[in-house]
>>> print(open('my_file33.cif').read())   # mmCIF, C-alpha atoms
data_data
#
loop_
_atom_site.group_PDB
_atom_site.id
_atom_site.type_symbol
_atom_site.label_atom_id
_atom_site.label_comp_id
_atom_site.auth_asym_id
_atom_site.auth_seq_id
_atom_site.Cartn_x
_atom_site.Cartn_y
_atom_site.Cartn_z
ATOM 1 C CA MET A 1 163.800 183.048 213.792
ATOM 2 C CA ILE A 2 162.641 181.086 210.736
ATOM 3 C CA LEU A 3 165.380 178.525 211.392
ATOM 4 C CA THR A 4 164.209 178.059 214.965
ATOM 5 C CA CYS A 5 160.454 177.948 214.333
ATOM 6 C CA LEU A 6 160.310 176.034 211.080
ATOM 7 C CA VAL A 7 163.491 174.355 209.878
ATOM 8 C CA LEU A 8 164.665 172.968 213.229
ATOM 9 C CA PRO A 9 161.335 171.243 214.102
ATOM 10 C CA LEU A 10 161.182 169.746 210.602
ATOM 11 C CA PHE A 11 164.737 168.483 210.906
ATOM 12 C CA THR A 12 163.938 166.964 214.310
ATOM 13 C CA LEU A 13 160.829 165.331 212.859
ATOM 14 C CA PHE A 14 162.834 163.864 209.988
ATOM 15 C CA ARG A 15 165.514 162.607 212.369
ATOM 16 C CA TYR A 16 162.906 160.843 214.523
ATOM 17 C CA SER A 17 161.456 159.220 211.406
ATOM 18 C CA LEU A 18 164.793 157.466 210.789
ATOM 19 C CA ASN A 19 164.736 155.783 214.191
ATOM 20 C CA ARG A 20 163.441 152.261 214.815
ATOM 21 C CA PHE A 21 160.367 151.374 216.888
ATOM 22 C CA THR A 22 160.679 148.719 219.573
ATOM 23 C CA PRO A 23 157.747 147.953 221.923
ATOM 24 C CA SER A 24 159.991 147.854 224.985
ATOM 25 C CA GLU A 25 161.879 151.118 224.377
ATOM 26 C CA LEU A 26 159.391 152.827 222.036
ATOM 27 C CA MET A 27 162.155 154.462 219.989
ATOM 28 C CA THR A 28 165.679 153.245 219.325
ATOM 29 C CA GLU A 29 168.354 155.446 217.796
ATOM 30 C CA ALA A 30 169.014 154.360 214.226
ATOM 31 C CA LEU A 31 169.446 155.566 210.658
ATOM 32 C CA THR A 32 166.977 153.455 208.735
ATOM 33 C CA ALA A 33 164.451 154.117 205.982
ATOM 34 C CA GLU A 34 162.199 151.251 207.063
ATOM 35 C CA ASN A 35 159.418 153.615 208.183
ATOM 36 C CA TYR A 36 159.254 155.209 204.729
ATOM 37 C CA ILE A 37 159.490 151.804 203.046
ATOM 38 C CA LYS A 38 156.597 150.615 205.204
ATOM 39 C CA PHE A 39 154.488 153.605 204.184
ATOM 40 C CA PHE A 40 155.100 153.321 200.442
ATOM 41 C CA THR A 41 154.724 149.526 200.328
ATOM 42 C CA GLU A 42 151.501 149.169 202.324
ATOM 43 C CA PRO A 43 148.316 149.862 200.313
ATOM 44 C CA TYR A 44 146.467 151.013 203.435
ATOM 45 C CA PHE A 45 148.721 154.007 204.077
ATOM 46 C CA LEU A 46 148.877 154.886 200.378
ATOM 47 C CA GLY A 47 145.077 154.841 200.440
ATOM 48 C CA VAL A 48 145.068 157.192 203.427
ATOM 49 C CA LEU A 49 147.329 159.605 201.537
ATOM 50 C CA GLY A 50 145.168 159.281 198.417
ATOM 51 C CA THR A 51 141.989 160.031 200.361
ATOM 52 C CA THR A 52 143.609 163.078 201.953
ATOM 53 C CA LEU A 53 144.865 164.397 198.618
ATOM 54 C CA PHE A 54 141.509 163.832 196.942
ATOM 55 C CA LEU A 55 139.451 165.603 199.628
ATOM 56 C CA ALA A 56 141.952 168.472 200.001
ATOM 57 C CA THR A 57 142.080 169.024 196.234
ATOM 58 C CA ALA A 58 138.313 168.737 195.784
ATOM 59 C CA SER A 59 137.597 171.171 198.641
ATOM 60 C CA THR A 60 140.202 173.576 197.227
ATOM 61 C CA VAL A 61 138.751 173.561 193.712
ATOM 62 C CA LEU A 62 135.105 173.784 194.763
ATOM 63 C CA GLY A 63 135.950 176.307 197.489
ATOM 64 C CA ILE A 64 137.459 178.675 194.907
ATOM 65 C CA VAL A 65 134.632 178.031 192.411
ATOM 66 C CA LEU A 66 132.010 178.889 195.050
ATOM 67 C CA GLY A 67 133.962 181.573 196.883
ATOM 68 C CA PHE A 68 135.192 183.625 193.917
ATOM 69 C CA PRO A 69 131.773 184.813 192.658
ATOM 70 C CA PHE A 70 130.739 185.825 196.170
ATOM 71 C CA ALA A 71 134.041 187.627 196.823
ATOM 72 C CA TYR A 72 133.770 189.338 193.417
ATOM 73 C CA TRP A 73 130.249 190.509 194.159
ATOM 74 C CA LEU A 74 131.275 191.679 197.622
ATOM 75 C CA ALA A 75 134.242 193.609 196.216
ATOM 76 C CA ARG A 76 132.059 195.436 193.695
ATOM 77 C CA THR A 77 128.963 196.043 195.806
ATOM 78 C CA HIS A 78 128.322 199.381 197.478
ATOM 79 C CA THR A 79 125.518 198.234 199.760
ATOM 80 C CA ARG A 80 125.445 199.662 203.250
ATOM 81 C CA TRP A 81 125.223 196.092 204.576
ATOM 82 C CA LYS A 82 128.699 195.232 203.286
ATOM 83 C CA SER A 83 130.315 195.409 206.735
ATOM 84 C CA LEU A 84 127.672 193.120 208.198
ATOM 85 C CA ILE A 85 128.166 190.639 205.353
ATOM 86 C CA ILE A 86 131.919 190.576 205.996
ATOM 87 C CA ILE A 87 131.256 189.998 209.709
ATOM 88 C CA ALA A 88 128.927 187.123 208.776
ATOM 89 C CA VAL A 89 131.722 185.611 206.660
ATOM 90 C CA LEU A 90 134.159 186.034 209.544
ATOM 91 C CA PHE A 91 131.817 184.580 212.145
ATOM 92 C CA PRO A 92 132.478 180.857 211.373
ATOM 93 C CA LEU A 93 136.187 181.493 212.010
ATOM 94 C CA LEU A 94 135.309 182.398 215.606
ATOM 95 C CA VAL A 95 133.951 178.885 216.149
ATOM 96 C CA GLY A 96 136.380 176.002 216.574
ATOM 97 C CA ASN A 97 136.473 173.198 214.027
ATOM 98 C CA VAL A 98 135.270 170.716 216.648
ATOM 99 C CA VAL A 99 132.156 172.775 217.409
ATOM 100 C CA ARG A 100 131.520 173.356 213.708
ATOM 101 C CA ALA A 101 131.855 169.653 212.895
ATOM 102 C CA ALA A 102 129.558 168.800 215.806
ATOM 103 C CA GLY A 103 126.993 171.174 214.326
ATOM 104 C CA TRP A 104 127.162 169.308 211.023
ATOM 105 C CA THR A 105 126.428 166.040 212.845
ATOM 106 C CA ILE A 106 123.115 167.520 214.015
ATOM 107 C CA PHE A 107 122.286 168.405 210.418
ATOM 108 C CA LEU A 108 123.539 165.210 208.717
ATOM 109 C CA ALA A 109 122.652 162.507 211.272
ATOM 110 C CA ARG A 110 120.054 159.826 210.453
ATOM 111 C CA ASP A 111 117.630 161.597 212.768
ATOM 112 C CA GLY A 112 118.994 165.025 211.877
ATOM 113 C CA LEU A 113 117.479 168.056 210.195
ATOM 114 C CA LEU A 114 118.368 167.066 206.618
ATOM 115 C CA ASN A 115 116.782 163.620 206.845
ATOM 116 C CA ALA A 116 113.752 165.075 208.608
ATOM 117 C CA LEU A 117 113.347 167.539 205.741
ATOM 118 C CA LEU A 118 113.741 164.860 203.061
ATOM 119 C CA VAL A 119 111.259 162.526 204.752
ATOM 120 C CA GLY A 120 108.831 165.381 205.410
ATOM 121 C CA LEU A 121 108.879 166.394 201.741
ATOM 122 C CA GLY A 122 108.349 162.795 200.669
ATOM 123 C CA LEU A 123 111.654 162.631 198.789
ATOM 124 C CA THR A 124 112.654 159.508 200.702
ATOM 125 C CA THR A 125 110.852 156.971 202.847
ATOM 126 C CA GLU A 126 113.831 156.119 205.061
ATOM 127 C CA PRO A 127 116.622 158.236 206.508
ATOM 128 C CA ILE A 128 119.743 158.357 204.345
ATOM 129 C CA GLN A 129 123.186 157.644 205.790
ATOM 130 C CA PHE A 130 125.017 160.937 205.324
ATOM 131 C CA MET A 131 127.323 160.679 208.329
ATOM 132 C CA TYR A 132 130.639 158.816 208.207
ATOM 133 C CA THR A 133 130.968 159.146 204.454
ATOM 134 C CA TYR A 134 133.207 160.985 202.014
ATOM 135 C CA GLY A 135 130.367 163.416 201.416
ATOM 136 C CA ALA A 136 130.054 164.361 205.079
ATOM 137 C CA VAL A 137 133.796 164.995 205.430
ATOM 138 C CA PHE A 138 133.831 166.959 202.170
ATOM 139 C CA ILE A 139 130.947 169.179 203.297
ATOM 140 C CA GLY A 140 132.703 169.751 206.617
ATOM 141 C CA LEU A 141 135.970 170.690 204.883
ATOM 142 C CA LEU A 142 134.176 173.006 202.488
ATOM 143 C CA SER A 143 132.515 174.859 205.351
ATOM 144 C CA VAL A 144 135.938 175.315 206.954
ATOM 145 C CA VAL A 145 137.750 176.651 203.883
ATOM 146 C CA LEU A 146 135.076 178.892 202.342
ATOM 147 C CA PRO A 147 135.574 181.835 204.741
ATOM 148 C CA PHE A 148 139.330 181.741 204.046
ATOM 149 C CA VAL A 149 138.688 181.714 200.291
ATOM 150 C CA ILE A 150 136.282 184.644 200.416
ATOM 151 C CA LEU A 151 138.414 186.799 202.698
ATOM 152 C CA THR A 152 141.646 186.099 200.808
ATOM 153 C CA LEU A 153 140.089 186.849 197.428
ATOM 154 C CA LEU A 154 138.230 189.868 198.760
ATOM 155 C CA GLY A 155 141.486 191.526 199.807
ATOM 156 C CA VAL A 156 142.897 191.091 196.286
ATOM 157 C CA LEU A 157 139.727 191.961 194.359
ATOM 158 C CA GLU A 158 139.190 195.176 196.308
ATOM 159 C CA GLY A 159 142.617 196.317 195.106
ATOM 160 C CA ILE A 160 141.660 195.892 191.440
ATOM 161 C CA ASP A 161 140.752 198.977 189.434
ATOM 162 C CA PHE A 162 137.385 197.942 188.047
ATOM 163 C CA THR A 163 137.345 200.914 185.705
ATOM 164 C CA LEU A 164 139.615 198.792 183.504
ATOM 165 C CA TYR A 165 136.813 196.256 183.188
ATOM 166 C CA ASP A 166 134.305 199.003 182.474
ATOM 167 C CA ALA A 167 136.634 200.461 179.834
ATOM 168 C CA ALA A 168 136.937 197.071 178.149
ATOM 169 C CA ARG A 169 133.139 196.773 178.093
ATOM 170 C CA ASN A 170 132.793 200.282 176.647
ATOM 171 C CA LEU A 171 135.236 199.339 173.894
ATOM 172 C CA GLY A 172 132.982 196.484 172.856
ATOM 173 C CA ALA A 173 134.388 193.496 174.728
ATOM 174 C CA PRO A 174 131.721 190.970 175.818
ATOM 175 C CA PRO A 175 131.401 190.487 179.591
ATOM 176 C CA ARG A 176 133.154 187.101 179.539
ATOM 177 C CA THR A 177 136.040 188.386 177.421
ATOM 178 C CA ALA A 178 136.470 191.482 179.600
ATOM 179 C CA PHE A 179 136.444 189.351 182.731
ATOM 180 C CA ARG A 180 138.886 186.787 181.303
ATOM 181 C CA ARG A 181 141.361 189.329 179.969
ATOM 182 C CA VAL A 182 141.123 192.040 182.624
ATOM 183 C CA ILE A 183 139.858 190.773 185.969
ATOM 184 C CA LEU A 184 141.141 187.191 185.971
ATOM 185 C CA PRO A 185 144.859 187.998 185.375
ATOM 186 C CA LEU A 186 144.732 190.556 188.197
ATOM 187 C CA ALA A 187 142.966 188.064 190.488
ATOM 188 C CA ILE A 188 145.361 185.138 189.888
ATOM 189 C CA PRO A 189 147.675 186.094 192.825
ATOM 190 C CA GLY A 190 144.676 185.999 195.169
ATOM 191 C CA ILE A 191 143.469 182.695 193.733
ATOM 192 C CA SER A 192 146.962 181.252 194.163
ATOM 193 C CA ALA A 193 147.203 182.431 197.782
ATOM 194 C CA ALA A 194 143.725 181.133 198.600
ATOM 195 C CA ALA A 195 144.457 177.772 196.961
ATOM 196 C CA VAL A 196 147.643 177.269 198.979
ATOM 197 C CA VAL A 197 145.962 178.232 202.259
ATOM 198 C CA ILE A 198 142.880 176.056 201.911
ATOM 199 C CA PHE A 199 144.756 173.105 200.423
ATOM 200 C CA THR A 200 147.026 173.145 203.476
ATOM 201 C CA ILE A 201 143.980 173.269 205.756
ATOM 202 C CA GLY A 202 142.409 170.334 203.928
ATOM 203 C CA MET A 203 145.563 168.234 204.030
ATOM 204 C CA ASN A 204 145.955 168.753 207.771
ATOM 205 C CA SER A 205 142.303 168.394 208.767
ATOM 206 C CA TYR A 206 141.818 166.400 211.963
ATOM 207 C CA ALA A 207 138.607 167.258 213.817
ATOM 208 C CA THR A 208 136.443 167.265 210.678
ATOM 209 C CA ALA A 209 137.723 163.844 209.593
ATOM 210 C CA ILE A 210 137.304 162.294 213.047
ATOM 211 C CA ILE A 211 133.850 163.669 213.852
ATOM 212 C CA LEU A 212 132.185 163.494 210.430
ATOM 213 C CA GLY A 213 134.119 160.536 209.032
ATOM 214 C CA GLY A 214 134.130 158.319 212.090
ATOM 215 C CA ALA A 215 136.837 156.091 213.515
ATOM 216 C CA GLU A 216 137.215 154.028 210.346
ATOM 217 C CA PHE A 217 137.584 157.034 208.048
ATOM 218 C CA GLN A 218 141.292 157.744 207.805
ATOM 219 C CA MET A 219 143.099 160.856 206.666
ATOM 220 C CA MET A 220 146.728 161.701 207.258
ATOM 221 C CA ALA A 221 146.309 163.909 210.336
ATOM 222 C CA PRO A 222 144.258 161.331 212.313
ATOM 223 C CA ALA A 223 146.712 158.630 211.182
ATOM 224 C CA VAL A 224 149.614 160.662 212.594
ATOM 225 C CA TYR A 225 147.762 161.113 215.881
ATOM 226 C CA GLN A 226 147.016 157.397 216.027
ATOM 227 C CA GLN A 227 150.678 156.461 215.635
ATOM 228 C CA PHE A 228 151.872 158.931 218.257
ATOM 229 C CA ALA A 229 149.118 158.818 220.888
ATOM 230 C CA LEU A 230 147.527 155.371 220.574
ATOM 231 C CA LEU A 231 150.275 153.107 219.262
ATOM 232 C CA SER A 232 153.244 155.047 220.697
ATOM 233 C CA ASN A 233 155.100 154.422 217.437
ATOM 234 C CA TRP A 234 156.944 157.719 217.315
ATOM 235 C CA PRO A 235 159.322 156.882 214.445
ATOM 236 C CA PHE A 236 156.528 155.845 212.091
ATOM 237 C CA GLY A 237 154.336 158.718 213.279
ATOM 238 C CA ALA A 238 157.201 161.101 212.530
ATOM 239 C CA ALA A 239 157.552 159.553 209.065
ATOM 240 C CA LEU A 240 153.831 160.039 208.414
ATOM 241 C CA ALA A 241 154.015 163.634 209.608
ATOM 242 C CA PHE A 242 157.083 164.381 207.480
ATOM 243 C CA ILE A 243 155.431 162.838 204.407
ATOM 244 C CA LEU A 244 152.311 164.915 205.070
ATOM 245 C CA VAL A 245 154.347 168.118 205.318
ATOM 246 C CA SER A 246 156.398 167.243 202.228
ATOM 247 C CA VAL A 247 153.409 166.346 200.040
ATOM 248 C CA THR A 248 151.555 169.492 201.140
ATOM 249 C CA ALA A 249 154.579 171.685 200.381
ATOM 250 C CA ILE A 250 155.282 170.064 197.001
ATOM 251 C CA ALA A 251 151.639 170.263 195.905
ATOM 252 C CA SER A 252 151.361 173.901 197.046
ATOM 253 C CA ILE A 253 154.550 174.900 195.214
ATOM 254 C CA ALA A 254 153.436 173.059 192.068
ATOM 255 C CA ALA A 255 150.034 174.764 192.152
ATOM 256 C CA SER A 256 151.693 178.168 192.619
ATOM 257 C CA ILE A 257 153.956 177.551 189.603
ATOM 258 C CA VAL A 258 151.023 176.462 187.430
ATOM 259 C CA LEU A 259 148.945 179.485 188.446
ATOM 260 C CA ALA A 260 151.916 181.803 187.878
ATOM 261 C CA ARG A 261 152.329 180.433 184.354
ATOM 262 C CA GLN A 262 148.599 180.776 183.772
ATOM 263 C CA ASN A 263 148.805 184.359 184.987
ATOM 264 C CA LYS A 264 151.648 185.052 182.545
ATOM 265 C CA THR A 265 149.644 183.555 179.685
ATOM 266 C CA LEU A 266 146.525 185.559 180.556
ATOM 267 C CA THR A 267 148.586 188.729 180.866
ATOM 268 C CA GLN A 268 150.112 188.180 177.436
ATOM 269 C CA LEU A 269 146.646 187.616 175.964
ATOM 270 C CA ALA A 270 145.361 190.783 177.612
ATOM 271 C CA GLU A 271 148.235 192.833 176.142
ATOM 272 C CA ARG A 272 147.478 191.748 172.575
#
>>> encode(input="my_file33.cif", output="structure tokens")
Amino acid sequence: MILTCLVLPLFTLFRYSLNRFTPSELMTEALTAENYIKFFTEPYFLGVLGTTLFLATASTVLGIVLGFPFAYWLARTHTRWKSLIIIAVLFPLLVGNVVRAAGWTIFLARDGLLNALLVGLGLTTEPIQFMYTYGAVFIGLLSVVLPFVILTLLGVLEGIDFTLYDAARNLGAPPRTAFRRVILPLAIPGISAAAVVIFTIGMNSYATAIILGGAEFQMMAPAVYQQFALLSNWPFGAALAFILVSVTAIASIAASIVLARQNKTLTQLAER
């Protein structure tokens, strides 16, 4: 099943990427690396990959930084509104990325709510260009990944025995020390899982980049679509897609290894 659903499509994608593009036939059978050479020798495509990596990494880091405290509070709270709060966190996932990005355009446009608020408060005399910038795409990505961060971490944090933290506090450990040596090592698996999930989402973002970044703002997913659908260059589009998958997988595996080592270090410190 895994071979059919995952390995075989990737192999087919890689095989297509070795073919040659000809305008008359679209794709000619070949075994050439010219598509990969083109990607790694043209600054434009390297810039597209760099932009994608930067935004995916930034949204992953900030998503965990913002999502962890909320998930931690939600795991420890006993309020009767907890179920409603979880539903509120889930609600954005019921709305498609296109609709969500369109909602951000209403908020970030030159005549949108944010500029109206800034002008009304006298903080600026002219509307600020928020749309079609790195900031707009980053905000859109962050709004997409935050629910995944919170829900992933919540599942792990709710399985932690918080009496261990309370015991550490009763034995004289300061709050930061108790958190670092008790809670954090137990939460590392959840942080690792959340990081992999949201980094993958960021790397493969399409609608957010197109709607909030505009036609000139390029990330890897829109670039793949452009090669396949607009330019009909299937071999190069397949190369872009395979590079995107490979970079995402390598970065995710590397992050998992680093977090696993960090978890081992924190566990050793906690046992001392």
>>> atom_distance(input="my_file33.cif", atom1="CA of Ile198 in chain A", atom2="CA of Thr60 in chain A")
5.9 Å
>>> resolve_selection(input="my_file33.cif", expression="the PyMOL selection byres ((chain A and resi 249-253) around 12)", output="VMD selection string")
chain A and resid 53 56 to 57 60 192 to 204 242 to 248 254 to 260
>>> atom_distance(input="my_file33.cif", atom1="CA of Thr133 in chain A", atom2="CA of Gly96 in chain A")
21.5 Å
>>> closest_residue(input="my_file33.cif", among="A:Leu66, A:Leu164, A:Ala88, A:Ala221", to="Ala178 in chain A", atoms="only C-alpha atoms")
A:Leu164
>>> atom_distance(input="my_file33.cif", atom1="CA of Ala109 in chain A", atom2="CA of Tyr132 in chain A")
9.3 Å
>>> resolve_selection(input="my_file33.cif", expression="the PyMOL selection byres ((chain A and resi 31-42) around 10)", output="list in words")
Arg15, Tyr16, Ser17, Leu18, Asn19, Arg20, Phe21, Thr28, Glu29, Ala30, Pro43, Tyr44, Phe45, Leu46, Gly47, Leu49, Pro235, Phe236, Gly237, Ala238, Ala239, Leu240, Phe242 and Ile243 of chain A
>>> resolve_selection(input="my_file33.cif", expression="the PyMOL selection byres ((chain A and resi 72) around 10)", output="list in words")
Gly67, Phe68, Pro69, Phe70, Ala71, Trp73, Leu74, Ala75, Arg76, Thr77, Ile150, Leu153, Leu154, Val156, Leu157, Glu158, Ile183 and Ala187 of chain A
>>> closest_residue(input="my_file33.cif", among="A:Pro147, A:Gly135, A:Pro222, A:Gly120", to="Ile87 in chain A", atoms="only C-alpha atoms")
A:Pro147
>>> closest_residue(input="my_file33.cif", among="A:Met131, A:Leu62, A:Cys5, A:Met27", to="Gly112 in chain A", atoms="only C-alpha atoms")
A:Met131
>>> axis_aligned_box(input="my_file33.cif", around="range 216-221 of chain A", padding_each_side="5 Å", output="lines of an AutoDock Vina configuration file")
center_x = 142.0
center_y = 159.0
center_z = 208.5
size_x = 19.5
size_y = 19.9
size_z = 13.7
>>> residues_around(input="my_file33.cif", residues="range 208-219 of chain A", least_positions_apart="4", cutoff="8 Å", atoms="only C-alpha atoms", output="list of chain:residue names")
A:Val48, A:Leu49, A:Thr51, A:Thr52, A:Asn97, A:Val98, A:Ala101, A:Ala102, A:Trp104, A:Thr105, A:Met131, A:Tyr132, A:Thr133, A:Tyr134, A:Ala136, A:Val137, A:Gly140, A:Leu141, A:Ala223
>>> closest_residue(input="my_file33.cif", among="A:Ile128, A:Ile160, A:Val145, A:Leu10", to="Leu113 in chain A", atoms="all atoms listed in the file")
A:Ile128
>>> closest_residue(input="my_file33.cif", among="A:Val144, A:Phe162, A:Trp234, A:Arg169", to="Phe91 in chain A", atoms="all atoms listed in the file")
A:Val144
>>> decode(input="my_file33.cif", residues="range 53-140 of chain A", atoms="C-alpha atoms", output="tab-separated table (two decimals), in the first residue's frame")
chain	number	residue	atom	x	y	z
A	53	LEU	CA	12.55	27.74	3.07
A	54	PHE	CA	12.69	31.06	4.91
A	55	LEU	CA	8.91	31.49	5.21
A	56	ALA	CA	8.32	27.81	6.10
A	57	THR	CA	11.03	27.89	8.78
A	58	ALA	CA	9.92	31.25	10.19
A	59	SER	CA	6.25	30.18	10.37
A	60	THR	CA	7.31	26.89	12.01
A	61	VAL	CA	9.42	28.56	14.69
A	62	LEU	CA	6.97	31.35	15.49
A	63	GLY	CA	4.02	28.94	15.26
A	64	ILE	CA	5.54	26.75	17.99
A	65	VAL	CA	6.58	29.77	20.09
A	66	LEU	CA	3.02	31.16	19.97
A	67	GLY	CA	1.16	27.86	20.02
A	68	PHE	CA	3.00	26.11	22.87
A	69	PRO	CA	1.97	28.49	25.69
A	70	PHE	CA	-1.66	28.36	24.58
A	71	ALA	CA	-1.62	24.56	24.27
A	72	TYR	CA	0.09	24.30	27.67
A	73	TRP	CA	-2.53	26.52	29.28
A	74	LEU	CA	-5.32	24.59	27.58
A	75	ALA	CA	-3.90	21.26	28.76
A	76	ARG	CA	-3.73	22.43	32.37
A	77	THR	CA	-6.96	24.41	32.58
A	78	HIS	CA	-10.10	22.94	34.10
A	79	THR	CA	-12.51	25.60	32.88
A	80	ARG	CA	-15.91	24.45	31.74
A	81	TRP	CA	-15.34	26.38	28.49
A	82	LYS	CA	-12.47	24.11	27.46
A	83	SER	CA	-14.54	22.22	24.87
A	84	LEU	CA	-15.71	25.47	23.30
A	85	ILE	CA	-12.12	26.75	23.16
A	86	ILE	CA	-11.01	23.57	21.38
A	87	ILE	CA	-13.88	23.95	18.91
A	88	ALA	CA	-12.79	27.56	18.30
A	89	VAL	CA	-9.25	26.31	17.57
A	90	LEU	CA	-10.66	23.68	15.21
A	91	PHE	CA	-12.97	26.08	13.41
A	92	PRO	CA	-10.33	27.62	11.05
A	93	LEU	CA	-9.56	24.10	9.79
A	94	LEU	CA	-13.14	23.89	8.50
A	95	VAL	CA	-12.47	26.83	6.18
A	96	GLY	CA	-10.41	26.30	3.04
A	97	ASN	CA	-7.07	28.05	2.63
A	98	VAL	CA	-8.44	30.05	-0.31
A	99	VAL	CA	-11.31	31.45	1.76
A	100	ARG	CA	-9.00	32.14	4.69
A	101	ALA	CA	-6.48	33.95	2.49
A	102	ALA	CA	-9.29	35.95	0.90
A	103	GLY	CA	-10.36	37.01	4.38
A	104	TRP	CA	-6.85	38.29	5.07
A	105	THR	CA	-7.02	40.42	1.91
A	106	ILE	CA	-10.03	42.24	3.39
A	107	PHE	CA	-8.02	42.92	6.54
A	108	LEU	CA	-4.66	43.81	4.92
A	109	ALA	CA	-5.73	45.67	1.75
A	110	ARG	CA	-4.93	49.38	1.30
A	111	ASP	CA	-8.58	50.15	1.96
A	112	GLY	CA	-8.94	47.29	4.43
A	113	LEU	CA	-9.71	47.15	8.13
A	114	LEU	CA	-6.10	47.40	9.35
A	115	ASN	CA	-5.32	50.54	7.36
A	116	ALA	CA	-8.65	52.06	8.35
A	117	LEU	CA	-7.77	51.44	12.00
A	118	LEU	CA	-4.26	52.90	11.65
A	119	VAL	CA	-5.51	56.00	9.84
A	120	GLY	CA	-8.40	56.41	12.29
A	121	LEU	CA	-6.02	56.30	15.26
A	122	GLY	CA	-3.72	58.81	13.60
A	123	LEU	CA	-0.79	56.38	13.48
A	124	THR	CA	-0.37	56.97	9.76
A	125	THR	CA	-1.59	59.56	7.29
A	126	GLU	CA	-1.64	57.25	4.26
A	127	PRO	CA	-2.58	53.60	3.86
A	128	ILE	CA	0.36	51.21	4.18
A	129	GLN	CA	1.03	48.53	1.57
A	130	PHE	CA	0.61	45.30	3.51
A	131	MET	CA	-0.62	43.13	0.65
A	132	TYR	CA	1.76	41.37	-1.75
A	133	THR	CA	4.64	41.41	0.69
A	134	TYR	CA	6.61	38.86	2.70
A	135	GLY	CA	4.72	40.01	5.78
A	136	ALA	CA	1.31	39.29	4.28
A	137	VAL	CA	2.32	35.79	3.18
A	138	PHE	CA	3.93	35.12	6.56
A	139	ILE	CA	0.79	36.19	8.44
A	140	GLY	CA	-1.31	34.00	6.16
